[in-house]
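**Q** After the structure tokens below, expect a handful of questions from me.
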Amino acid sequence: FQHPPNVDGVAWFVHEILPRVRTLVPTARLRVAGSDVPDAIRALESDGVDILGWVPDLDPLYRRARAAIAPLRYGAGVKGKVGEALALGVPTIMTSIAAEGMYIEDGVHGLVADAADAFADAVVRVLTTDALWTHLAERGRALVEARFSSTAVRPLVQAALCGPEAPGAA
């Protein structure tokens with residue numbers, strides 16, 4: 001939470017998106033993991049919102065999650081949290097800012113929405129539609145394998161470090 005876009009994104013999700021989601025899926029719960037949680041985020045904890053703070057191993061959370069969210073409204077660069085969720089087969093709903101640079105196609109690898117109502121609708125769809133959930137889980141995992149795995153990246157790194165004549169370079 002030392003990165004301001006994360007604070008803004010969680011607050012926006014809790015205030016503007018989660019109430020819309022819980023209208024249609026009253027059992028929906030948001031679990032927020034992250035270090036250095038500011039008081040403004042701790043204050044958001046309520047029925048349906050668990051502020052966990054720093055979690056040493058996120059795998060158990062991902063295994064229990066029906067979806068991951070990345071409600072970032074500003075920032076730049078590839079988002080590790082998005083890649084991590086997709087790699088683990090957790091369908092991810094994100095803003096276009098969160099999807100930047102990741103080759104994500106809306107509806108194929110994840111769901112992308114920038115307006116609060118569209119983001120809420122996307123969350124509800126993933127929570128309630130098994131076929132969509134399965135599709136996004138499979139395609140998101142495949143995208144990360146194809147674009148970001150060590151197998152995919154190794155030739156690019158070799159070429160960058162050793163030149164195009166490096167063994168195995170593309």
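Residues are named by chain letter and number: chains run A, B, ... in the order of the structure tokens, numbers start at 1 in each chain, and ligands are numbered from 1 in the order shown.
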Where does region 100-157 of chain A meet region 58-82 of chain A within 9 Å, residue by residue, with the nearest atom pair and distance in Å to one decimal for each, counting only C-alpha atoms, listed by chain and rising number, as CSV?

**A**
residue,atom,partner,partner_atom,distance
A:Glu100,CA,A:Val78,CA,6.2
A:Gly101,CA,A:Val78,CA,5.6
A:Met102,CA,A:Val78,CA,6.4
A:Ala113,CA,A:Pro71,CA,8.7
A:Asp114,CA,A:Arg73,CA,7.7
A:Phe119,CA,A:Pro71,CA,8.3
A:Val123,CA,A:Ala67,CA,7.7
A:Val126,CA,A:Ala67,CA,6.9
A:Leu127,CA,A:Arg66,CA,6.4
A:Trp133,CA,A:Arg66,CA,8.1

**Q** Can I get the selected residues back with all heavy atoms, as a tab-separated table (two decimals), in the first residue's frame?

**A**
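Heads up, here's the output in out_10.tsv:
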chain	number	residue	atom	x	y	z
A	100	GLU	N	-2.73	-2.98	-18.97
A	100	GLU	CA	-1.70	-2.43	-19.86
A	100	GLU	C	-0.49	-3.35	-20.00
A	100	GLU	O	0.02	-3.86	-19.01
A	100	GLU	CB	-1.18	-1.09	-19.30
A	100	GLU	CG	-1.99	0.09	-19.65
A	100	GLU	CD	-1.38	1.37	-19.08
A	100	GLU	OE1	-0.41	1.33	-18.30
A	100	GLU	OE2	-1.93	2.43	-19.42
A	101	GLY	N	-0.05	-3.52	-21.23
A	101	GLY	CA	1.18	-4.23	-21.50
A	101	GLY	C	1.15	-5.72	-21.30
A	101	GLY	O	2.19	-6.37	-21.30
A	102	MET	N	-0.04	-6.30	-21.10
A	102	MET	CA	-0.12	-7.72	-20.77
A	102	MET	C	-0.79	-8.56	-21.85
A	102	MET	O	-1.02	-9.73	-21.64
A	102	MET	CB	-0.83	-7.90	-19.43
A	102	MET	CG	-0.11	-7.15	-18.33
A	102	MET	SD	-0.12	-7.85	-16.70
A	102	MET	CE	0.05	-9.56	-16.85
A	113	ALA	N	-12.90	-3.45	-17.46
A	113	ALA	CA	-13.96	-2.44	-17.33
A	113	ALA	C	-13.40	-1.25	-16.56
A	113	ALA	O	-12.70	-1.43	-15.56
A	113	ALA	CB	-15.17	-3.02	-16.62
A	114	ASP	N	-13.74	-0.06	-17.01
A	114	ASP	CA	-13.24	1.14	-16.35
A	114	ASP	C	-14.29	1.90	-15.56
A	114	ASP	O	-13.95	2.64	-14.64
A	114	ASP	CB	-12.62	2.08	-17.39
A	114	ASP	CG	-11.34	1.51	-17.97
A	114	ASP	OD1	-10.54	0.92	-17.21
A	114	ASP	OD2	-11.12	1.64	-19.18
A	119	PHE	N	-17.64	-2.52	-14.14
A	119	PHE	CA	-16.75	-3.34	-13.34
A	119	PHE	C	-17.58	-4.26	-12.45
A	119	PHE	O	-17.31	-5.47	-12.35
A	119	PHE	CB	-15.81	-2.45	-12.51
A	119	PHE	CG	-14.54	-3.12	-12.07
A	119	PHE	CD1	-13.32	-2.77	-12.64
A	119	PHE	CD2	-14.54	-4.09	-11.08
A	119	PHE	CE1	-12.15	-3.38	-12.24
A	119	PHE	CE2	-13.36	-4.69	-10.67
A	119	PHE	CZ	-12.16	-4.34	-11.25
A	123	VAL	N	-17.70	-8.40	-12.39
A	123	VAL	CA	-17.48	-9.22	-11.19
A	123	VAL	C	-18.64	-10.18	-11.01
A	123	VAL	O	-18.44	-11.39	-10.78
A	123	VAL	CB	-17.28	-8.34	-9.94
A	123	VAL	CG1	-17.28	-9.19	-8.67
A	123	VAL	CG2	-16.00	-7.53	-10.04
A	126	VAL	N	-18.49	-13.14	-13.43
A	126	VAL	CA	-17.50	-14.17	-13.06
A	126	VAL	C	-17.96	-14.96	-11.85
A	126	VAL	O	-17.77	-16.18	-11.79
A	126	VAL	CB	-16.11	-13.53	-12.82
A	126	VAL	CG1	-15.15	-14.54	-12.19
A	126	VAL	CG2	-15.54	-13.00	-14.12
A	127	LEU	N	-18.58	-14.29	-10.90
A	127	LEU	CA	-19.05	-14.98	-9.69
A	127	LEU	C	-20.20	-15.94	-9.97
A	127	LEU	O	-20.37	-16.92	-9.25
A	127	LEU	CB	-19.47	-13.97	-8.62
A	127	LEU	CG	-18.38	-13.08	-8.04
A	127	LEU	CD1	-18.97	-12.12	-7.02
A	127	LEU	CD2	-17.25	-13.90	-7.44
A	133	TRP	N	-16.28	-18.46	-16.06
A	133	TRP	CA	-15.20	-18.66	-15.10
A	133	TRP	C	-14.17	-19.65	-15.66
A	133	TRP	O	-12.96	-19.38	-15.66
A	133	TRP	CB	-15.76	-19.18	-13.76
A	133	TRP	CG	-14.70	-19.24	-12.71
A	133	TRP	CD1	-14.42	-18.28	-11.77
A	133	TRP	CD2	-13.77	-20.30	-12.48
A	133	TRP	NE1	-13.37	-18.68	-10.99
A	133	TRP	CE2	-12.95	-19.92	-11.40
A	133	TRP	CE3	-13.54	-21.53	-13.08
A	133	TRP	CZ2	-11.92	-20.72	-10.91
A	133	TRP	CZ3	-12.51	-22.34	-12.59
A	133	TRP	CH2	-11.72	-21.94	-11.52

**Q** Give one line per residue of region 103-168 of chain A that approaches region 95-98 of chain A to at most 12 Å, naming the two atoms of the closest pair and their distance in Å to one decimal, counting only C-alpha atoms; sort by chain then ascending residue number and deliver it as CSV.

**A**
residue,atom,partner,partner_atom,distance
A:Tyr103,CA,A:Ser96,CA,11.1
A:Ile104,CA,A:Ser96,CA,9.3
A:Glu105,CA,A:Ser96,CA,10.2
A:Asp106,CA,A:Ser96,CA,9.3
A:Gly110,CA,A:Thr95,CA,10.2
A:Leu111,CA,A:Thr95,CA,8.3
A:Val112,CA,A:Thr95,CA,5.2
A:Ala113,CA,A:Thr95,CA,5.0
A:Asp114,CA,A:Thr95,CA,4.9
A:Ala115,CA,A:Thr95,CA,8.4
A:Ala116,CA,A:Thr95,CA,9.8
A:Ala118,CA,A:Thr95,CA,10.0
A:Phe119,CA,A:Thr95,CA,7.8
A:Ala120,CA,A:Thr95,CA,11.4
A:Ala122,CA,A:Thr95,CA,10.8
A:Val123,CA,A:Thr95,CA,11.8

**Q** So the first atom is CA of Arg20 (chain A) and the second is CA of Val124 (chain A); what is the distance between them in Å, to one decimal place?

**A**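 According to the coordinates, CA of Arg20 (chain A) and CA of Val124 (chain A) are separated by 9.0 Å.
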
**Q** So which one's closest to Thr129 (chain A), A:Glu45, A:Pro91, A:Gly9, A:Asp57? Using only C-alpha atoms, please.

**A**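 Residue with the minimum atom-to-atom distance to Thr129 (chain A): A:Pro91.
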
**Q** Find, counting only C-alpha atoms, the residue in A:Leu18, A:Ala99, A:Ala152, A:Leu52 that gets nearest to Leu86 (chain A).

**A**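 Result for the nearest residue to Leu86 (chain A): A:Ala99.
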
**Q** Could you write out, as a PyMOL selection string, all the residues of region 36-89 of chain A that DSSP marks as alpha helix (DSSP H)?

**A** chain A and resi 39-42+59-64+80-87

**Q** Hey, can you check how far CA of Val108 (chain A) sits from CA of Val153 (chain A)?

**A**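 Distance between the two atoms: 21.9 Å.
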
**Q** One number please: CA of Ala142 (chain A) to CA of Gly107 (chain A), in Å, one decimal.

**A**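 Distance between the two atoms: 14.0 Å.
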
**Q** Using only C-alpha atoms, which of the listed residues (A:Arg154, A:Asp47, A:Val55, A:Trp12) sits closest to Ala33 (chain A)?

**A** A:Val55

**Q** Using only C-alpha atoms, can you tell me which of A:Asp8, A:Ala43, A:Val144, A:Ile51 comes closest to Arg29 (chain A)?

**A**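 Of the candidates, the smallest distance to Arg29 (chain A) is held by A:Ile51.
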
**Q** Write out as a ChimeraX atom specification all residues of chain A that DSSP puts in strand (DSSP E) for this structure's backbone.

**A** /A:30-33,49-53,68-70,92-94,111-112

**Q** Kindly export the residues of the current selection with all heavy atoms, as a tab-separated table (two decimals), in the first residue's frame.

**A**
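Final output, again_11.tsv:
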chain	number	residue	atom	x	y	z
A	30	LEU	N	-14.83	-9.45	-0.21
A	30	LEU	CA	-13.56	-8.93	-0.69
A	30	LEU	C	-12.52	-9.19	0.38
A	30	LEU	O	-12.70	-8.81	1.54
A	30	LEU	CB	-13.66	-7.42	-0.96
A	30	LEU	CG	-12.35	-6.73	-1.34
A	30	LEU	CD1	-11.84	-7.24	-2.68
A	30	LEU	CD2	-12.55	-5.23	-1.37
A	31	ARG	N	-11.43	-9.84	-0.02
A	31	ARG	CA	-10.30	-10.05	0.88
A	31	ARG	C	-9.13	-9.27	0.29
A	31	ARG	O	-8.74	-9.50	-0.84
A	31	ARG	CB	-9.97	-11.53	0.99
A	31	ARG	CG	-11.04	-12.28	1.74
A	31	ARG	CD	-10.73	-13.77	1.88
A	31	ARG	NE	-11.80	-14.43	2.60
A	31	ARG	CZ	-12.89	-14.94	2.02
A	31	ARG	NH1	-13.04	-14.88	0.72
A	31	ARG	NH2	-13.82	-15.52	2.75
A	32	VAL	N	-8.59	-8.35	1.09
A	32	VAL	CA	-7.53	-7.45	0.64
A	32	VAL	C	-6.24	-7.81	1.36
A	32	VAL	O	-6.17	-7.73	2.58
A	32	VAL	CB	-7.89	-5.97	0.91
A	32	VAL	CG1	-6.79	-5.05	0.43
A	32	VAL	CG2	-9.22	-5.62	0.26
A	33	ALA	N	-5.24	-8.20	0.59
A	33	ALA	CA	-3.92	-8.52	1.15
A	33	ALA	C	-2.93	-7.48	0.66
A	33	ALA	O	-2.97	-7.06	-0.50
A	33	ALA	CB	-3.48	-9.91	0.71
A	49	VAL	N	-15.98	-7.20	3.75
A	49	VAL	CA	-14.64	-6.70	3.43
A	49	VAL	C	-13.68	-7.09	4.55
A	49	VAL	O	-13.83	-6.66	5.68
A	49	VAL	CB	-14.62	-5.16	3.27
A	49	VAL	CG1	-13.21	-4.67	2.95
A	49	VAL	CG2	-15.61	-4.71	2.21
A	50	ASP	N	-12.71	-7.93	4.19
A	50	ASP	CA	-11.67	-8.36	5.14
A	50	ASP	C	-10.36	-7.72	4.72
A	50	ASP	O	-9.87	-7.97	3.62
A	50	ASP	CB	-11.50	-9.88	5.11
A	50	ASP	CG	-12.78	-10.63	5.47
A	50	ASP	OD1	-13.52	-10.15	6.34
A	50	ASP	OD2	-13.02	-11.69	4.86
A	51	ILE	N	-9.80	-6.90	5.59
A	51	ILE	CA	-8.49	-6.29	5.34
A	51	ILE	C	-7.47	-7.16	6.07
A	51	ILE	O	-7.38	-7.14	7.29
A	51	ILE	CB	-8.44	-4.83	5.82
A	51	ILE	CG1	-9.59	-4.00	5.21
A	51	ILE	CG2	-7.08	-4.22	5.50
A	51	ILE	CD1	-9.59	-3.90	3.70
A	52	LEU	N	-6.73	-7.95	5.32
A	52	LEU	CA	-5.83	-8.94	5.89
A	52	LEU	C	-4.44	-8.42	6.22
A	52	LEU	O	-3.73	-9.00	7.02
A	52	LEU	CB	-5.70	-10.13	4.92
A	52	LEU	CG	-7.02	-10.77	4.48
A	52	LEU	CD1	-6.76	-11.83	3.42
A	52	LEU	CD2	-7.77	-11.34	5.67
A	53	GLY	N	-4.03	-7.35	5.56
A	53	GLY	CA	-2.67	-6.89	5.74
A	53	GLY	C	-1.70	-7.78	4.98
A	53	GLY	O	-2.08	-8.44	4.01
A	68	ALA	N	-10.17	-12.50	-8.95
A	68	ALA	CA	-9.24	-11.48	-8.46
A	68	ALA	C	-9.65	-10.17	-9.12
A	68	ALA	O	-10.23	-10.16	-10.21
A	68	ALA	CB	-7.81	-11.85	-8.84
A	69	ILE	N	-9.33	-9.07	-8.45
A	69	ILE	CA	-9.65	-7.76	-9.02
A	69	ILE	C	-8.40	-6.90	-9.06
A	69	ILE	O	-7.50	-7.04	-8.24
A	69	ILE	CB	-10.75	-7.04	-8.23
A	69	ILE	CG1	-10.32	-6.83	-6.77
A	69	ILE	CG2	-12.07	-7.78	-8.33
A	69	ILE	CD1	-11.14	-5.81	-6.02
A	70	ALA	N	-8.35	-6.02	-10.03
A	70	ALA	CA	-7.29	-5.02	-10.14
A	70	ALA	C	-7.96	-3.72	-10.57
A	70	ALA	O	-7.93	-3.35	-11.74
A	70	ALA	CB	-6.21	-5.47	-11.12
A	92	THR	N	-9.67	-12.79	-13.61
A	92	THR	CA	-9.36	-11.45	-13.10
A	92	THR	C	-10.18	-10.40	-13.81
A	92	THR	O	-10.29	-10.39	-15.03
A	92	THR	CB	-7.85	-11.18	-13.25
A	92	THR	OG1	-7.14	-12.22	-12.59
A	92	THR	CG2	-7.46	-9.84	-12.65
A	93	ILE	N	-10.75	-9.51	-12.99
A	93	ILE	CA	-11.48	-8.36	-13.49
A	93	ILE	C	-10.58	-7.16	-13.22
A	93	ILE	O	-10.09	-6.98	-12.09
A	93	ILE	CB	-12.84	-8.19	-12.80
A	93	ILE	CG1	-13.70	-9.45	-12.97
A	93	ILE	CG2	-13.57	-6.98	-13.35
A	93	ILE	CD1	-13.58	-10.42	-11.85
A	94	MET	N	-10.35	-6.35	-14.25
A	94	MET	CA	-9.38	-5.28	-14.12
A	94	MET	C	-9.79	-4.08	-14.96
A	94	MET	O	-10.59	-4.21	-15.88
A	94	MET	CB	-8.00	-5.77	-14.54
A	94	MET	CG	-7.89	-6.07	-16.04
A	94	MET	SD	-6.68	-7.31	-16.48
A	94	MET	CE	-7.64	-8.80	-16.30
A	111	LEU	N	-11.58	-9.92	-17.73
A	111	LEU	CA	-12.61	-8.94	-18.05
A	111	LEU	C	-12.06	-7.56	-17.73
A	111	LEU	O	-11.47	-7.36	-16.66
A	111	LEU	CB	-13.90	-9.21	-17.28
A	111	LEU	CG	-14.58	-10.55	-17.59
A	111	LEU	CD1	-15.86	-10.69	-16.77
A	111	LEU	CD2	-14.86	-10.71	-19.07
A	112	VAL	N	-12.24	-6.62	-18.64
A	112	VAL	CA	-11.71	-5.28	-18.51
A	112	VAL	C	-12.87	-4.29	-18.49
A	112	VAL	O	-13.71	-4.30	-19.40
A	112	VAL	CB	-10.74	-4.95	-19.67
A	112	VAL	CG1	-10.17	-3.54	-19.52
A	112	VAL	CG2	-9.61	-5.98	-19.73
